[in-house]
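S.K.: Handing you this structure, nothing more for now.
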Amino acid sequence: MSHPQPLTPEDKLANAKKQLNLPPIVVICGSTRFMTEMAEADLRETHAGKIVVKPGIDMKAPHALWSDPVEATVLKVRLDDLHRAKIRLADEVLVVGDYVGDSTRAEITYARSLGKRPKPLSRSLPDAG
């Protein structure tokens, strides 16, 4: 007699989303140089009835919260961890902008490692390798 396999955390999350009748969750990824494009994608995805999560801080813009270089380094690590959590939460991954640097490439690779297929807003995505 076989025993049912315990549910993975990912399975539990998917079941909870179904039970809560949540609309699809989309995470927006990309360089913060495209914050305007991210806002437009947020508007369109929200209009389409989706829950949208995206970067909330542009560390390229000056601000007192990250003016100290040491604090900025710590914050960058926290924000990267937070964005990976958003990718885990999301049902869909949307990549905005025509520049893919190291951070965006890492987000794409991470999403793919979770079995999620990032969709470009307006361009082809780089290979995962």
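Quick note on naming: the chains in the structure tokens go A, B, ... in the order shown, residues restart at 1 in each chain, and ligands are numbered from 1 in order of appearance.
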Using only C-alpha atoms, which residues sit within 10 Å of A:Val53 once same-chain residues fewer than 5 positions away are excluded, as number ranges by chain?
M.R.: A: 25-29, 42, 83, 86-87, 89-90, 93
S.K.: At a cut-off of 10 Å, using only C-alpha atoms, what residues contact stretch 4-20 of chain A? Leave out same-chain residues fewer than 6 positions from it and give the result as a list of chain:residue names.
M.R.: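 That gives A:Arg88, A:Leu89, A:Asp91, A:Leu114.
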S.K.: With a distance cut-off of 8 Å and only C-alpha atoms, select the neighbouring residues of A:Val96, excluding the residue or stretch itself and same-chain residues fewer than 5 positions from it, and output the selection as number ranges by chain.
M.R.: A: 28-31, 34, 37-38, 41, 120-122
S.K.: What is the atom CA of A:Asp58-atom CA of A:Thr32 distance in Å, reported with one decimal?
M.R.: 5.6 Å
S.K.: I'd like to know which of A:Lys54, A:Lys76, A:Glu107, A:Met59 is closest to A:Glu40, using only C-alpha atoms.
M.R.: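 Under the stated criterion, the closest residue is A:Lys54.
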S.K.: Rank A:Ala39, A:Thr73, A:Ser67, A:Asp98 by their smallest atom-to-atom distance to A:Val52, using only C-alpha atoms, and report the top residue only.
M.R.: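 Residue with the minimum atom-to-atom distance to A:Val52: A:Ala39.
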S.K.: Could you write out, as number ranges by chain, all the residues of stretch 39-96 of chain A that DSSP marks as helix (DSSP H, G or I)?
M.R.: A: 39-47, 64-66, 69-89
S.K.: Determine which residues of stretch 83-124 of chain A receive a DSSP assignment of strand (DSSP E), computed from the backbone, and state them as a PDB file with N, CA and C atoms, in the first residue's frame.
M.R.:
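Full text of result31.pdb as output:
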ATOM      1  N   GLU A  92       3.022  34.264 -12.233  1.00  0.00           N
ATOM      2  CA  GLU A  92       3.575  34.710 -13.507  1.00  0.00           C
ATOM      3  C   GLU A  92       4.740  35.651 -13.242  1.00  0.00           C
ATOM      4  N   VAL A  93       5.721  35.625 -14.145  1.00  0.00           N
ATOM      5  CA  VAL A  93       6.888  36.499 -14.050  1.00  0.00           C
ATOM      6  C   VAL A  93       6.959  37.312 -15.338  1.00  0.00           C
ATOM      7  N   LEU A  94       6.939  38.630 -15.199  1.00  0.00           N
ATOM      8  CA  LEU A  94       6.994  39.532 -16.343  1.00  0.00           C
ATOM      9  C   LEU A  94       8.278  40.341 -16.256  1.00  0.00           C
ATOM     10  N   VAL A  95       9.088  40.304 -17.310  1.00  0.00           N
ATOM     11  CA  VAL A  95      10.353  41.033 -17.339  1.00  0.00           C
ATOM     12  C   VAL A  95      10.179  42.284 -18.191  1.00  0.00           C
ATOM     13  N   LYS A 119       8.132  35.935 -18.825  1.00  0.00           N
ATOM     14  CA  LYS A 119       7.660  36.459 -20.110  1.00  0.00           C
ATOM     15  C   LYS A 119       8.203  37.868 -20.284  1.00  0.00           C
ATOM     16  N   PRO A 120       8.804  38.134 -21.431  1.00  0.00           N
ATOM     17  CA  PRO A 120       9.285  39.499 -21.679  1.00  0.00           C
ATOM     18  C   PRO A 120       8.126  40.408 -22.030  1.00  0.00           C
TER      19      PRO A 120
END
S.K.: Which one of A:Leu43, A:Arg84, A:Lys50, A:Val100 sits closest to A:Ser113 if you count only C-alpha atoms?
M.R.: A:Arg84
